[in-house]
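Shown next: data.pdb, containing PDB, C-alpha atoms and all ligand atoms.
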```pdb
ATOM      1  CA  MET S  28     -15.021  13.089  -9.267
ATOM      2  CA  CYS S  29     -16.086  16.685  -8.852
ATOM      3  CA  GLN S  30     -17.588  18.040 -12.029
ATOM      4  CA  ALA S  31     -17.291  21.364 -13.805
ATOM      5  CA  ALA S  32     -18.692  22.562 -17.115
ATOM      6  CA  PRO S  33     -16.072  24.232 -19.336
ATOM      7  CA  ARG S  34     -17.097  27.432 -21.112
ATOM      8  CA  GLU S  35     -14.609  26.902 -23.937
ATOM      9  CA  ASN S  36     -12.082  24.307 -25.143
ATOM     10  CA  LEU S  37      -9.453  23.541 -22.568
ATOM     11  CA  VAL S  38      -6.526  21.232 -21.900
ATOM     12  CA  VAL S  39      -6.628  19.316 -18.640
ATOM     13  CA  LYS S  40      -3.283  18.193 -17.293
ATOM     14  CA  VAL S  41      -3.531  15.407 -14.726
ATOM     15  CA  ARG S  42      -0.136  14.371 -13.377
ATOM     16  CA  GLU S  43      -1.414  10.983 -12.187
ATOM     17  CA  ILE S  44      -2.628  10.094 -15.649
ATOM     18  CA  GLU S  45       0.703  11.085 -17.176
ATOM     19  CA  ALA S  46       2.575   8.798 -14.803
ATOM     20  CA  LEU S  47       0.130   5.966 -15.488
ATOM     21  CA  ARG S  48       0.061   6.460 -19.253
ATOM     22  CA  ASP S  49       2.328   3.520 -20.089
ATOM     23  CA  ILE S  50       0.803   1.157 -17.574
ATOM     24  CA  GLN S  51      -1.433  -1.425 -19.157
ATOM     25  CA  VAL S  52      -4.268  -2.837 -17.053
ATOM     26  CA  ARG S  53      -4.607  -6.563 -17.690
ATOM     27  CA  ILE S  54      -6.478  -9.622 -16.521
ATOM     28  CA  LEU S  55      -4.052 -12.419 -15.683
ATOM     29  CA  PRO S  56      -4.273 -15.898 -14.181
ATOM     30  CA  THR S  57      -1.633 -16.582 -11.518
ATOM     31  CA  ARG S  58      -0.530 -19.653  -9.624
ATOM     32  CA  VAL S  59      -0.090 -19.533  -5.857
ATOM     33  CA  ILE S  60       3.523 -20.567  -5.312
ATOM     34  CA  GLU S  61       3.699 -19.772  -1.613
ATOM     35  CA  LYS S  62       1.236 -19.218   1.199
ATOM     36  CA  THR S  63       2.962 -18.264   4.447
ATOM     37  CA  THR S  64       1.441 -17.270   7.763
ATOM     38  CA  LEU S  65       3.194 -14.039   8.786
ATOM     39  CA  THR S  66       1.240 -13.538  11.981
ATOM     40  CA  LYS S  67      -2.015 -14.846  13.443
ATOM     41  CA  ASN S  68      -4.238 -12.952  11.010
ATOM     42  CA  VAL S  69      -1.999 -12.146   8.020
ATOM     43  CA  VAL S  70      -0.784 -14.440   5.252
ATOM     44  CA  ARG S  71       1.639 -13.711   2.461
ATOM     45  CA  LEU S  72       0.786 -15.044  -0.982
ATOM     46  CA  ARG S  73       3.367 -15.251  -3.730
ATOM     47  CA  LEU S  74       1.625 -15.415  -7.091
ATOM     48  CA  LYS S  75       3.495 -16.559 -10.178
ATOM     49  CA  LEU S  76       2.592 -14.789 -13.390
ATOM     50  CA  PRO S  77       2.033 -16.807 -16.577
ATOM     51  CA  GLN S  78       5.253 -17.630 -18.398
ATOM     52  CA  ALA S  79       6.711 -14.779 -20.457
ATOM     53  CA  GLN S  80       4.092 -12.362 -19.085
ATOM     54  CA  ARG S  81       5.199  -9.343 -17.120
ATOM     55  CA  LEU S  82       3.066  -7.118 -14.962
ATOM     56  CA  GLN S  83       4.270  -3.578 -15.329
ATOM     57  CA  PHE S  84       3.153  -1.514 -12.340
ATOM     58  CA  LEU S  85       4.133   1.427 -10.189
ATOM     59  CA  ALA S  86       5.179   0.531  -6.650
ATOM     60  CA  GLY S  87       2.130   1.191  -4.449
ATOM     61  CA  GLN S  88      -0.551   0.065  -6.900
ATOM     62  CA  TYR S  89      -2.992  -2.766  -6.236
ATOM     63  CA  VAL S  90      -4.735  -5.624  -8.033
ATOM     64  CA  GLU S  91      -8.321  -6.828  -7.829
ATOM     65  CA  VAL S  92      -8.743 -10.565  -7.409
ATOM     66  CA  LEU S  93     -11.644 -11.688  -9.584
ATOM     67  CA  LEU S  94     -14.191 -13.963  -7.947
ATOM     68  CA  ALA S  95     -17.286 -15.820  -9.068
ATOM     69  CA  GLY S  96     -20.349 -13.678  -9.773
ATOM     70  CA  GLY S  97     -18.345 -10.612 -10.770
ATOM     71  CA  LYS S  98     -17.066  -9.950  -7.243
ATOM     72  CA  ARG S  99     -13.656  -8.352  -6.805
ATOM     73  CA  ARG S 100     -11.371  -7.944  -3.826
ATOM     74  CA  ALA S 101      -8.580  -5.351  -3.806
ATOM     75  CA  PHE S 102      -5.071  -6.099  -2.488
ATOM     76  CA  SER S 103      -1.975  -3.960  -2.721
ATOM     77  CA  ILE S 104       1.097  -5.381  -4.394
ATOM     78  CA  ALA S 105       3.749  -5.781  -1.700
ATOM     79  CA  SER S 106       6.637  -6.768  -3.966
ATOM     80  CA  CYS S 107       8.928  -4.523  -5.968
ATOM     81  CA  PRO S 108       8.152  -3.971  -9.684
ATOM     82  CA  SER S 109      11.673  -5.212 -10.501
ATOM     83  CA  LEU S 110      10.623  -8.706  -9.444
ATOM     84  CA  GLU S 111       9.367  -9.630 -12.859
ATOM     85  CA  ASP S 112       7.680 -12.993 -12.802
ATOM     86  CA  GLU S 113       5.676 -12.908  -9.571
ATOM     87  CA  ILE S 114       3.857 -10.609  -7.178
ATOM     88  CA  GLU S 115       3.402 -10.735  -3.427
ATOM     89  CA  LEU S 116       0.227  -9.919  -1.466
ATOM     90  CA  HIS S 117      -0.311  -9.529   2.291
ATOM     91  CA  ILE S 118      -3.831 -10.603   3.189
ATOM     92  CA  ARG S 119      -5.440  -9.853   6.522
ATOM     93  CA  HIS S 120      -8.210 -12.145   7.665
ATOM     94  CA  VAL S 121     -11.514 -10.288   8.014
ATOM     95  CA  ASP S 122     -13.993 -11.821  10.478
ATOM     96  CA  GLY S 123     -16.797 -13.252   8.384
ATOM     97  CA  GLY S 124     -14.963 -12.234   5.205
ATOM     98  CA  GLY S 125     -15.869 -14.399   2.196
ATOM     99  CA  PHE S 126     -12.650 -14.111   0.230
ATOM    100  CA  THR S 127     -10.155 -13.666   3.051
ATOM    101  CA  GLY S 128     -11.825 -16.584   4.881
ATOM    102  CA  TYR S 129     -11.338 -18.687   1.755
ATOM    103  CA  VAL S 130      -7.668 -17.654   1.523
ATOM    104  CA  PHE S 131      -7.015 -18.668   5.124
ATOM    105  CA  ASP S 132      -9.044 -21.892   5.217
ATOM    106  CA  GLU S 133      -9.031 -23.352   1.729
ATOM    107  CA  LEU S 134      -6.589 -21.797  -0.708
ATOM    108  CA  GLU S 135      -3.563 -23.997  -1.300
ATOM    109  CA  GLU S 136      -0.244 -23.647  -3.032
ATOM    110  CA  ARG S 137      -0.604 -24.426  -6.775
ATOM    111  CA  ASP S 138      -4.182 -23.047  -6.866
ATOM    112  CA  ILE S 139      -5.016 -20.475  -9.524
ATOM    113  CA  LEU S 140      -6.217 -16.915  -8.803
ATOM    114  CA  ARG S 141      -7.213 -14.434 -11.485
ATOM    115  CA  PHE S 142      -6.748 -10.735 -11.027
ATOM    116  CA  GLU S 143      -7.093  -7.460 -12.853
ATOM    117  CA  GLY S 144      -4.405  -4.856 -12.454
ATOM    118  CA  PRO S 145      -2.442  -2.860 -11.794
ATOM    119  CA  LEU S 146      -4.913  -0.276 -10.494
ATOM    120  CA  GLY S 147      -4.896   2.905  -8.470
ATOM    121  CA  ASN S 148      -2.893   6.068  -8.210
ATOM    122  CA  PHE S 149      -1.017   5.436  -4.990
ATOM    123  CA  PHE S 150       2.633   5.688  -6.031
ATOM    124  CA  VAL S 151       5.653   7.804  -5.141
ATOM    125  CA  ARG S 152       5.645  11.190  -6.845
ATOM    126  CA  ASN S 153       8.917  12.252  -8.416
ATOM    127  CA  ASP S 154       8.076  15.857  -9.193
ATOM    128  CA  ASN S 155       9.870  17.178  -6.144
ATOM    129  CA  THR S 156      12.607  14.792  -5.177
ATOM    130  CA  GLU S 157      14.057  16.862  -2.344
ATOM    131  CA  ARG S 158      11.073  16.554  -0.032
ATOM    132  CA  PRO S 159      11.351  14.048   2.834
ATOM    133  CA  MET S 160       8.575  11.483   3.072
ATOM    134  CA  ILE S 161       6.348  10.227   5.831
ATOM    135  CA  MET S 162       5.169   6.715   4.996
ATOM    136  CA  MET S 163       2.442   5.558   7.335
ATOM    137  CA  GLY S 164       0.790   2.153   7.321
ATOM    138  CA  GLY S 165      -1.895   0.565   9.471
ATOM    139  CA  GLY S 166      -1.778  -3.262   9.573
ATOM    140  CA  THR S 167      -1.492  -4.648   6.043
ATOM    141  CA  GLY S 168      -1.231  -1.027   4.909
ATOM    142  CA  PHE S 169       2.465  -1.869   5.151
ATOM    143  CA  ALA S 170       2.187  -3.839   1.868
ATOM    144  CA  PRO S 171       2.258  -0.989  -0.696
ATOM    145  CA  LEU S 172       4.818   0.908   1.416
ATOM    146  CA  LYS S 173       7.110  -2.132   1.281
ATOM    147  CA  SER S 174       6.890  -2.102  -2.503
ATOM    148  CA  MET S 175       7.611   1.641  -2.597
ATOM    149  CA  ILE S 176      10.600   1.433  -0.252
ATOM    150  CA  GLU S 177      12.129  -1.552  -2.059
ATOM    151  CA  ASN S 178      11.691   0.269  -5.340
ATOM    152  CA  LEU S 179      13.251   3.508  -4.039
ATOM    153  CA  LEU S 180      16.203   1.525  -2.662
ATOM    154  CA  GLY S 181      16.578  -0.262  -6.004
ATOM    155  CA  GLN S 182      16.695   3.099  -7.763
ATOM    156  CA  ASP S 183      19.200   4.485  -5.271
ATOM    157  CA  ASP S 184      16.738   7.251  -4.385
ATOM    158  CA  ARG S 185      18.029   8.728  -1.114
ATOM    159  CA  ARG S 186      15.041  10.800  -0.105
ATOM    160  CA  GLU S 187      14.557  10.770   3.664
ATOM    161  CA  ILE S 188      11.879   8.226   4.641
ATOM    162  CA  HIS S 189      10.163   8.148   8.015
ATOM    163  CA  LEU S 190       8.248   4.881   8.078
ATOM    164  CA  TYR S 191       5.519   4.646  10.720
ATOM    165  CA  TRP S 192       3.804   1.291  11.150
ATOM    166  CA  GLY S 193       0.813   0.981  13.439
ATOM    167  CA  ALA S 194      -1.035  -2.033  14.812
ATOM    168  CA  ARG S 195      -2.848  -3.063  17.944
ATOM    169  CA  THR S 196       0.014  -5.210  19.210
ATOM    170  CA  ARG S 197       3.676  -5.527  18.281
ATOM    171  CA  GLU S 198       3.061  -9.068  17.075
ATOM    172  CA  GLU S 199       0.811  -7.650  14.359
ATOM    173  CA  LEU S 200       3.787  -5.802  12.831
ATOM    174  CA  TYR S 201       4.301  -8.906  10.791
ATOM    175  CA  LEU S 202       7.522  -7.905   8.996
ATOM    176  CA  ASP S 203       9.015  -5.854  11.794
ATOM    177  CA  ASP S 204      12.452  -7.412  11.196
ATOM    178  CA  LEU S 205      12.483  -6.304   7.591
ATOM    179  CA  ALA S 206      11.586  -2.708   8.463
ATOM    180  CA  SER S 207      14.245  -2.680  11.208
ATOM    181  CA  ARG S 208      16.830  -3.998   8.749
ATOM    182  CA  TRP S 209      16.079  -1.183   6.298
ATOM    183  CA  ALA S 210      16.586   1.364   9.077
ATOM    184  CA  ASP S 211      19.795  -0.293  10.328
ATOM    185  CA  LYS S 212      21.305  -0.456   6.862
ATOM    186  CA  HIS S 213      20.237   2.883   5.382
ATOM    187  CA  ARG S 214      20.766   6.169   7.177
ATOM    188  CA  HIS S 215      17.967   7.870   5.271
ATOM    189  CA  ILE S 216      15.338   5.363   6.480
ATOM    190  CA  HIS S 217      13.859   5.751   9.973
ATOM    191  CA  TYR S 218      11.419   3.211  11.367
ATOM    192  CA  HIS S 219       8.877   3.937  14.115
ATOM    193  CA  ARG S 220       6.307   1.582  15.600
ATOM    194  CA  ALA S 221       2.969   2.634  17.070
ATOM    195  CA  ILE S 222       1.092   0.167  19.232
ATOM    196  CA  SER S 223      -2.495   1.107  20.050
ATOM    197  CA  GLU S 224      -3.702  -1.602  22.427
ATOM    198  CA  PRO S 225      -3.062  -0.455  25.978
ATOM    199  CA  GLY S 226      -1.251  -3.055  28.041
ATOM    200  CA  SER S 227       0.112  -5.012  25.083
ATOM    201  CA  VAL S 228       3.787  -5.728  25.531
ATOM    202  CA  SER S 229       5.916  -3.198  23.725
ATOM    203  CA  GLU S 230       9.497  -2.043  23.796
ATOM    204  CA  SER S 231      10.279   1.225  25.505
ATOM    205  CA  ASP S 232      10.923   3.062  22.249
ATOM    206  CA  ASP S 233       7.559   2.078  20.744
ATOM    207  CA  PHE S 234       4.944   4.817  20.653
ATOM    208  CA  THR S 235       1.760   3.904  22.483
ATOM    209  CA  GLY S 236      -1.306   5.195  20.676
ATOM    210  CA  PHE S 237      -2.540   5.594  17.123
ATOM    211  CA  VAL S 238      -0.015   5.730  14.366
ATOM    212  CA  HIS S 239      -0.955   9.230  13.125
ATOM    213  CA  GLU S 240      -0.445  10.485  16.687
ATOM    214  CA  ALA S 241       3.081   9.085  16.612
ATOM    215  CA  VAL S 242       3.792  11.086  13.445
ATOM    216  CA  ILE S 243       2.450  14.325  14.919
ATOM    217  CA  ASN S 244       4.283  13.700  18.177
ATOM    218  CA  ASP S 245       7.595  13.563  16.276
ATOM    219  CA  PHE S 246       6.773  16.216  13.662
ATOM    220  CA  PRO S 247       4.277  18.819  14.863
ATOM    221  CA  ASP S 248       5.062  20.809  11.713
ATOM    222  CA  LEU S 249       4.598  18.610   8.655
ATOM    223  CA  ALA S 250       4.657  21.347   6.019
ATOM    224  CA  ASP S 251       7.873  20.125   4.361
ATOM    225  CA  PHE S 252       6.796  16.512   3.956
ATOM    226  CA  ASP S 253       5.180  14.394   1.288
ATOM    227  CA  VAL S 254       2.859  11.972   3.061
ATOM    228  CA  TYR S 255       2.048   8.465   1.820
ATOM    229  CA  MET S 256      -0.414   6.408   3.831
ATOM    230  CA  SER S 257      -2.380   3.213   3.478
ATOM    231  CA  GLY S 258      -4.596   1.113   5.688
ATOM    232  CA  PRO S 259      -8.038   1.115   7.295
ATOM    233  CA  PRO S 260     -10.454   3.876   6.226
ATOM    234  CA  ALA S 261     -10.774   5.139   9.812
ATOM    235  CA  MET S 262      -7.003   5.674  10.021
ATOM    236  CA  ILE S 263      -6.863   7.472   6.667
ATOM    237  CA  ASN S 264      -9.789   9.782   7.434
ATOM    238  CA  THR S 265      -8.494  10.751  10.868
ATOM    239  CA  ALA S 266      -4.955  11.258   9.603
ATOM    240  CA  LYS S 267      -6.031  13.369   6.627
ATOM    241  CA  GLN S 268      -7.742  15.810   8.927
ATOM    242  CA  ALA S 269      -5.015  15.818  11.592
ATOM    243  CA  PHE S 270      -2.149  16.163   9.110
ATOM    244  CA  THR S 271      -3.875  19.041   7.346
ATOM    245  CA  GLU S 272      -4.078  20.833  10.685
ATOM    246  CA  HIS S 273      -0.343  20.205  11.078
ATOM    247  CA  GLY S 274       0.601  21.828   7.805
ATOM    248  CA  VAL S 275       0.508  19.147   5.086
ATOM    249  CA  GLU S 276      -0.893  20.475   1.842
ATOM    250  CA  LEU S 277      -3.707  18.327   0.489
ATOM    251  CA  GLN S 278      -1.913  17.826  -2.810
ATOM    252  CA  ARG S 279       1.161  16.446  -1.011
ATOM    253  CA  MET S 280      -0.881  13.741   0.745
ATOM    254  CA  PHE S 281      -1.264  10.443  -1.122
ATOM    255  CA  TYR S 282      -3.198   7.464   0.192
ATOM    256  CA  ASP S 283      -5.001   4.206  -0.407
ATOM    257  CA  SER S 284      -7.875   3.632   1.939
ATOM    258  CA  PHE S 285      -8.575  -0.096   2.354
ATOM    259  CA  GLU S 286     -12.336   0.170   1.824
ATOM    260  CA  PHE S 287     -14.281  -3.088   1.784
ATOM    261  CA  GLY S 288     -15.031  -4.749  -1.516
ATOM    262  CA  LEU S 289     -18.280  -3.730  -3.159
ATOM    263  CA  ASP S 290     -20.122  -6.505  -4.849
ATOM    264  CA  VAL S 291     -21.180  -4.429  -7.807
ATOM    265  CA  PRO S 292     -18.736  -3.663 -10.583
ATOM    266  CA  VAL S 293     -17.590  -0.102 -10.066
ATOM    267  CA  ARG S 294     -14.999   1.608 -12.149
ATOM    268  CA  VAL S 295     -14.215   4.878 -10.483
ATOM    269  CA  LEU S 296     -10.533   5.083 -11.242
ATOM    270  CA  ALA S 297      -9.101   7.253 -13.940
ATOM    271  CA  ARG S 298      -7.598   4.798 -16.387
ATOM    272  CA  PRO S 299      -4.940   5.557 -18.939
ATOM    273  CA  HIS S 300      -6.132   5.043 -22.502
TER     274      HIS S 300
HETATM  275  C1  LIG N   1      -7.128  -0.190  -2.764
HETATM  276  C2  LIG N   1      -7.269  -1.243  -1.709
HETATM  277  C3  LIG N   1      -6.156  -1.999  -1.336
HETATM  278  C4  LIG N   1      -6.271  -2.970  -0.361
HETATM  279  N1  LIG N   1      -5.152  -3.660  -0.018
HETATM  280  C5  LIG N   1      -5.224  -4.596   0.956
HETATM  281  C6  LIG N   1      -4.056  -5.336   1.339
HETATM  282  O1  LIG N   1      -2.952  -5.186   0.785
HETATM  283  N2  LIG N   1      -4.193  -6.257   2.328
HETATM  284  C7  LIG N   1      -5.391  -6.478   2.966
HETATM  285  O2  LIG N   1      -5.429  -7.325   3.882
HETATM  286  N3  LIG N   1      -6.510  -5.792   2.627
HETATM  287  C8  LIG N   1      -6.468  -4.874   1.633
HETATM  288  N4  LIG N   1      -7.601  -4.192   1.275
HETATM  289  C9  LIG N   1      -8.878  -4.525   1.949
HETATM  290  C10 LIG N   1      -9.473  -5.791   1.317
HETATM  291  O3  LIG N   1      -9.843  -5.502  -0.019
HETATM  292  C11 LIG N   1     -10.712  -6.258   2.122
HETATM  293  O4  LIG N   1     -10.296  -6.656   3.381
HETATM  294  C12 LIG N   1     -11.354  -7.426   1.400
HETATM  295  O5  LIG N   1     -12.084  -6.916   0.321
HETATM  296  C13 LIG N   1     -12.269  -8.235   2.310
HETATM  297  O6  LIG N   1     -12.888  -9.210   1.479
HETATM  298  P1  LIG N   1     -13.753 -10.405   2.059
HETATM  299  O7  LIG N   1     -14.428 -11.046   0.883
HETATM  300  O8  LIG N   1     -12.919 -11.290   2.927
HETATM  301  O9  LIG N   1     -14.804  -9.695   2.996
HETATM  302  P2  LIG N   1     -16.397  -9.510   2.706
HETATM  303  O10 LIG N   1     -17.034 -10.857   2.626
HETATM  304  O11 LIG N   1     -16.565  -8.566   1.582
HETATM  305  O12 LIG N   1     -16.873  -8.778   4.019
HETATM  306  C14 LIG N   1     -17.323  -9.474   5.199
HETATM  307  C15 LIG N   1     -17.675  -8.495   6.296
HETATM  308  O13 LIG N   1     -16.491  -7.844   6.776
HETATM  309  C16 LIG N   1     -16.572  -6.443   6.555
HETATM  310  N5  LIG N   1     -15.246  -6.094   6.026
HETATM  311  C17 LIG N   1     -14.781  -6.311   4.757
HETATM  312  N6  LIG N   1     -13.526  -5.883   4.617
HETATM  313  C18 LIG N   1     -13.159  -5.389   5.815
HETATM  314  C19 LIG N   1     -11.975  -4.784   6.293
HETATM  315  N7  LIG N   1     -10.885  -4.570   5.503
HETATM  316  N8  LIG N   1     -11.956  -4.371   7.598
HETATM  317  C20 LIG N   1     -13.025  -4.554   8.400
HETATM  318  N9  LIG N   1     -14.194  -5.116   7.988
HETATM  319  C21 LIG N   1     -14.250  -5.525   6.727
HETATM  320  C22 LIG N   1     -17.672  -6.218   5.535
HETATM  321  O14 LIG N   1     -18.299  -4.967   5.717
HETATM  322  C23 LIG N   1     -18.606  -7.364   5.834
HETATM  323  O15 LIG N   1     -19.435  -7.047   6.911
HETATM  324  C24 LIG N   1      -7.526  -3.222   0.279
HETATM  325  C25 LIG N   1      -8.647  -2.482  -0.114
HETATM  326  C26 LIG N   1      -8.518  -1.518  -1.084
HETATM  327  C27 LIG N   1      -9.735  -0.745  -1.508
END
```
Would you give me this structure, written as structure tokens?
Ligand SMILES: Cc1cc2nc3c(=O)[nH]c(=O)nc-3n(C[C@H](O)[C@H](O)[C@H](O)COP(=O)(O)OP(=O)(O)OC[C@H]3O[C@@H](n4cnc5c(N)ncnc54)[C@H](O)[C@@H]3O)c2cc1C
Amino acid sequence: MCQAAPRENLVVKVREIEALRDIQVRILPTRVIEKTTLTKNVVRLRLKLPQAQRLQFLAGQYVEVLLAGGKRRAFSIASCPSLEDEIELHIRHVDGGGFTGYVFDELEERDILRFEGPLGNFFVRNDNTERPMIMMGGGTGFAPLKSMIENLLGQDDRREIHLYWGARTREELYLDDLASRWADKHRHIHYHRAISEPGSVSESDDFTGFVHEAVINDFPDLADFDVYMSGPPAMINTAKQAFTEHGVELQRMFYDSFEFGLDVPVRVLARPH
């Protein structure tokens, strides 16, 4: 965090902390009740919470899976907070990745995983409910956006949503059907694909290129939008810069950058007391 030295007593109002005030961060054991391959390099895990325990979270937040030796690995919650007794994660296999390799090769249904959560301040802001939203995900960056969209639908929130999902190939858009169904059923949801690998088979209405380019191509002036984005750090960094140049105010841009796990315990997030 940037630091400043106050000259006199002051009150600091941080909207994120207000929204997170009632959210309790907990350590919970969970049982894997489903492990499904969604595409070649992504699995979905459904984790059952202990009986009579609820995880209260804001759609968009993540959990950290706790591993031996104090290691932690962050994964966004893909399910809606209204689903009370389980959570869903979308896990992409990382080449040479210790934990994701374990999930793909060894983890079985009925195994136990412990996590700490919910964490993070990536959630839909409700302070200006008229503004349309761009939701942009790269790969498994779709996971927190899925939770947000399901939650907004559950609350009958009709804000305009332009969902952009980017991947190298169309096959990697592992829940493409679900996103299409949202768009078919709800007039305020618009779904756009961006496929970056040249030559990979794509439908004529798919954008070819990076996902942030697809957004700018459709909306050269982004000043009226709230932007929510999640996925690889390279995508987030490029998009932040490009979107700023196209009119998005920094404080209307919200994101989770899927940085790699650090193997030292770091606590950099503002936590509610
Ligand atoms: C807030 C947050 C939310 C996240 N949500 C999700 C999610 O919903 N789904 C998801 O699939 N991932 C998500 N991630 C990324 C995920 O945490 C990492 O992919 C994971 O930590 C990799 O663990 P590992 O033990 O398999 O890899 P490690 O053993 O830690 O790393 C092995 C090697 O791969 C490199 N590496 C590690 N992670 C990545 C990566 N993501 N991309 C490229 N190279 C990598 C490392 O630098 C190292 O060289 C999220 C990250 C953050 C910070």
- Query: Can you list, as a list in words, the residues that the PyMOL selection byres (((chain S and resi 63) around 12) and not hetatm) selects here?
  - Reply: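 Applied to this file, the PyMOL selection byres (((chain S and resi 63) around 12) and not hetatm) selects Val59, Ile60, Glu61, Lys62, Thr64, Leu65, Thr66, Lys67, Asn68, Val69, Val70, Arg71, Leu72, Arg73, Leu74, Glu115, Leu116, His117, Ile118, Val130, Phe131, Leu134, Glu135, Glu136 and Tyr201 of chain S.
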Selection export as a compact mmCIF listing (two decimals), in the frame of the given file, atoms kept: C-alpha atoms:
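So out_5.txt came out as:
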```
# COMPACT_ATOMS: atom_id res chain seq x y z
CA VAL S 59 -0.09 -19.53 -5.86
CA ILE S 60 3.52 -20.57 -5.31
CA GLU S 61 3.70 -19.77 -1.61
CA LYS S 62 1.24 -19.22 1.20
CA THR S 64 1.44 -17.27 7.76
CA LEU S 65 3.19 -14.04 8.79
CA THR S 66 1.24 -13.54 11.98
CA LYS S 67 -2.02 -14.85 13.44
CA ASN S 68 -4.24 -12.95 11.01
CA VAL S 69 -2.00 -12.15 8.02
CA VAL S 70 -0.78 -14.44 5.25
CA ARG S 71 1.64 -13.71 2.46
CA LEU S 72 0.79 -15.04 -0.98
CA ARG S 73 3.37 -15.25 -3.73
CA LEU S 74 1.62 -15.42 -7.09
CA GLU S 115 3.40 -10.74 -3.43
CA LEU S 116 0.23 -9.92 -1.47
CA HIS S 117 -0.31 -9.53 2.29
CA ILE S 118 -3.83 -10.60 3.19
CA VAL S 130 -7.67 -17.65 1.52
CA PHE S 131 -7.02 -18.67 5.12
CA LEU S 134 -6.59 -21.80 -0.71
CA GLU S 135 -3.56 -24.00 -1.30
CA GLU S 136 -0.24 -23.65 -3.03
CA TYR S 201 4.30 -8.91 10.79
```
Kindly assemble as a Markdown table a list of the chain S residues that lie within 8 Å of ligand LIG 1 (chain N), each paired with its nearest atom pair and their distance in Å to one decimal, using all atoms listed in the file, sorted first by chain and then by ascending residue number.
```
| residue | atom | partner | partner_atom | distance |
| --- | --- | --- | --- | --- |
| S:Val69 | CA | N:LIG1 | O2 | 7.2 |
| S:Gln88 | CA | N:LIG1 | C1 | 7.8 |
| S:Tyr89 | CA | N:LIG1 | C3 | 5.9 |
| S:Val90 | CA | N:LIG1 | C3 | 7.7 |
| S:Arg99 | CA | N:LIG1 | O5 | 7.4 |
| S:Arg100 | CA | N:LIG1 | O5 | 4.3 |
| S:Ala101 | CA | N:LIG1 | O3 | 4.0 |
| S:Phe102 | CA | N:LIG1 | N1 | 3.5 |
| S:Ser103 | CA | N:LIG1 | O1 | 3.8 |
| S:Ile104 | CA | N:LIG1 | O1 | 6.6 |
| S:Ala105 | CA | N:LIG1 | O1 | 7.2 |
| S:Leu116 | CA | N:LIG1 | O1 | 6.1 |
| S:His117 | CA | N:LIG1 | N2 | 5.1 |
| S:Ile118 | CA | N:LIG1 | O2 | 3.7 |
| S:Arg119 | CA | N:LIG1 | O2 | 3.7 |
| S:His120 | CA | N:LIG1 | O2 | 6.7 |
| S:Val121 | CA | N:LIG1 | O8 | 5.4 |
| S:Asp122 | CA | N:LIG1 | O13 | 6.0 |
| S:Gly123 | CA | N:LIG1 | C14 | 5.0 |
| S:Gly124 | CA | N:LIG1 | O8 | 3.2 |
| S:Gly125 | CA | N:LIG1 | O10 | 3.8 |
| S:Phe126 | CA | N:LIG1 | O7 | 3.6 |
| S:Thr127 | CA | N:LIG1 | O8 | 3.6 |
| S:Gly128 | CA | N:LIG1 | O8 | 5.7 |
| S:Tyr129 | CA | N:LIG1 | O8 | 7.7 |
| S:Gly147 | CA | N:LIG1 | C1 | 6.9 |
| S:Gly166 | CA | N:LIG1 | O2 | 7.9 |
| S:Thr167 | CA | N:LIG1 | N2 | 4.9 |
| S:Gly168 | CA | N:LIG1 | O1 | 6.1 |
| S:Phe169 | CA | N:LIG1 | O1 | 7.7 |
| S:Ala170 | CA | N:LIG1 | O1 | 5.4 |
| S:Pro171 | CA | N:LIG1 | O1 | 6.9 |
| S:Gly258 | CA | N:LIG1 | C5 | 7.4 |
| S:Pro259 | CA | N:LIG1 | N7 | 6.6 |
| S:Asp283 | CA | N:LIG1 | C1 | 5.4 |
| S:Ser284 | CA | N:LIG1 | C27 | 5.9 |
| S:Phe285 | CA | N:LIG1 | C25 | 3.4 |
| S:Glu286 | CA | N:LIG1 | C27 | 4.3 |
| S:Phe287 | CA | N:LIG1 | N6 | 4.1 |
| S:Gly288 | CA | N:LIG1 | O5 | 4.1 |
| S:Leu289 | CA | N:LIG1 | O11 | 7.0 |
| S:Asp290 | CA | N:LIG1 | O11 | 7.6 |
```
- Message: I want to know what sits within 9 Å of Gly181 (chain S), based on all atoms listed in the file, with residues of the same chain fewer than 5 positions away left out; could you give that as a PyMOL selection string?
- Response: chain S and resi 107+109+176
- Query: CA of Phe142 (chain S) and CA of Met163 (chain S) are how many Å apart?
  - Reply: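 So the answer is 26.2 Å.
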- State, in Å with one decimal place, the distance from CA of Glu240 (chain S) to CA of Phe270 (chain S).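 It comes out at 9.6 Å.
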- Message: Please enumerate the residues selected by the PyMOL selection byres (((chain S and resi 86) around 7) and not hetatm) when evaluated against the supplied file, formatted as a list in words.
- Response: Phe84, Leu85, Gly87, Gln88, Cys107, Pro108, Phe150, Pro171, Ser174, Met175 and Asn178 of chain S
- Message: Show me, as a PyMOL selection string, the residues that have an atom within 8 Å of Ile139 (chain S) when counting only C-alpha atoms, minus same-chain residues fewer than 5 positions from it.
- Response: chain S and resi 56-59
Go ahead and write the selection's residues with C-alpha atoms as a PDB file, keeping the file's coordinate frame.
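New file out-v9.pdb:
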```
ATOM      1  CA  PRO S  56      -4.273 -15.898 -14.181  1.00  0.00           C
ATOM      2  CA  THR S  57      -1.633 -16.582 -11.518  1.00  0.00           C
ATOM      3  CA  ARG S  58      -0.530 -19.653  -9.624  1.00  0.00           C
ATOM      4  CA  VAL S  59      -0.090 -19.533  -5.857  1.00  0.00           C
TER       5      VAL S  59
END
```
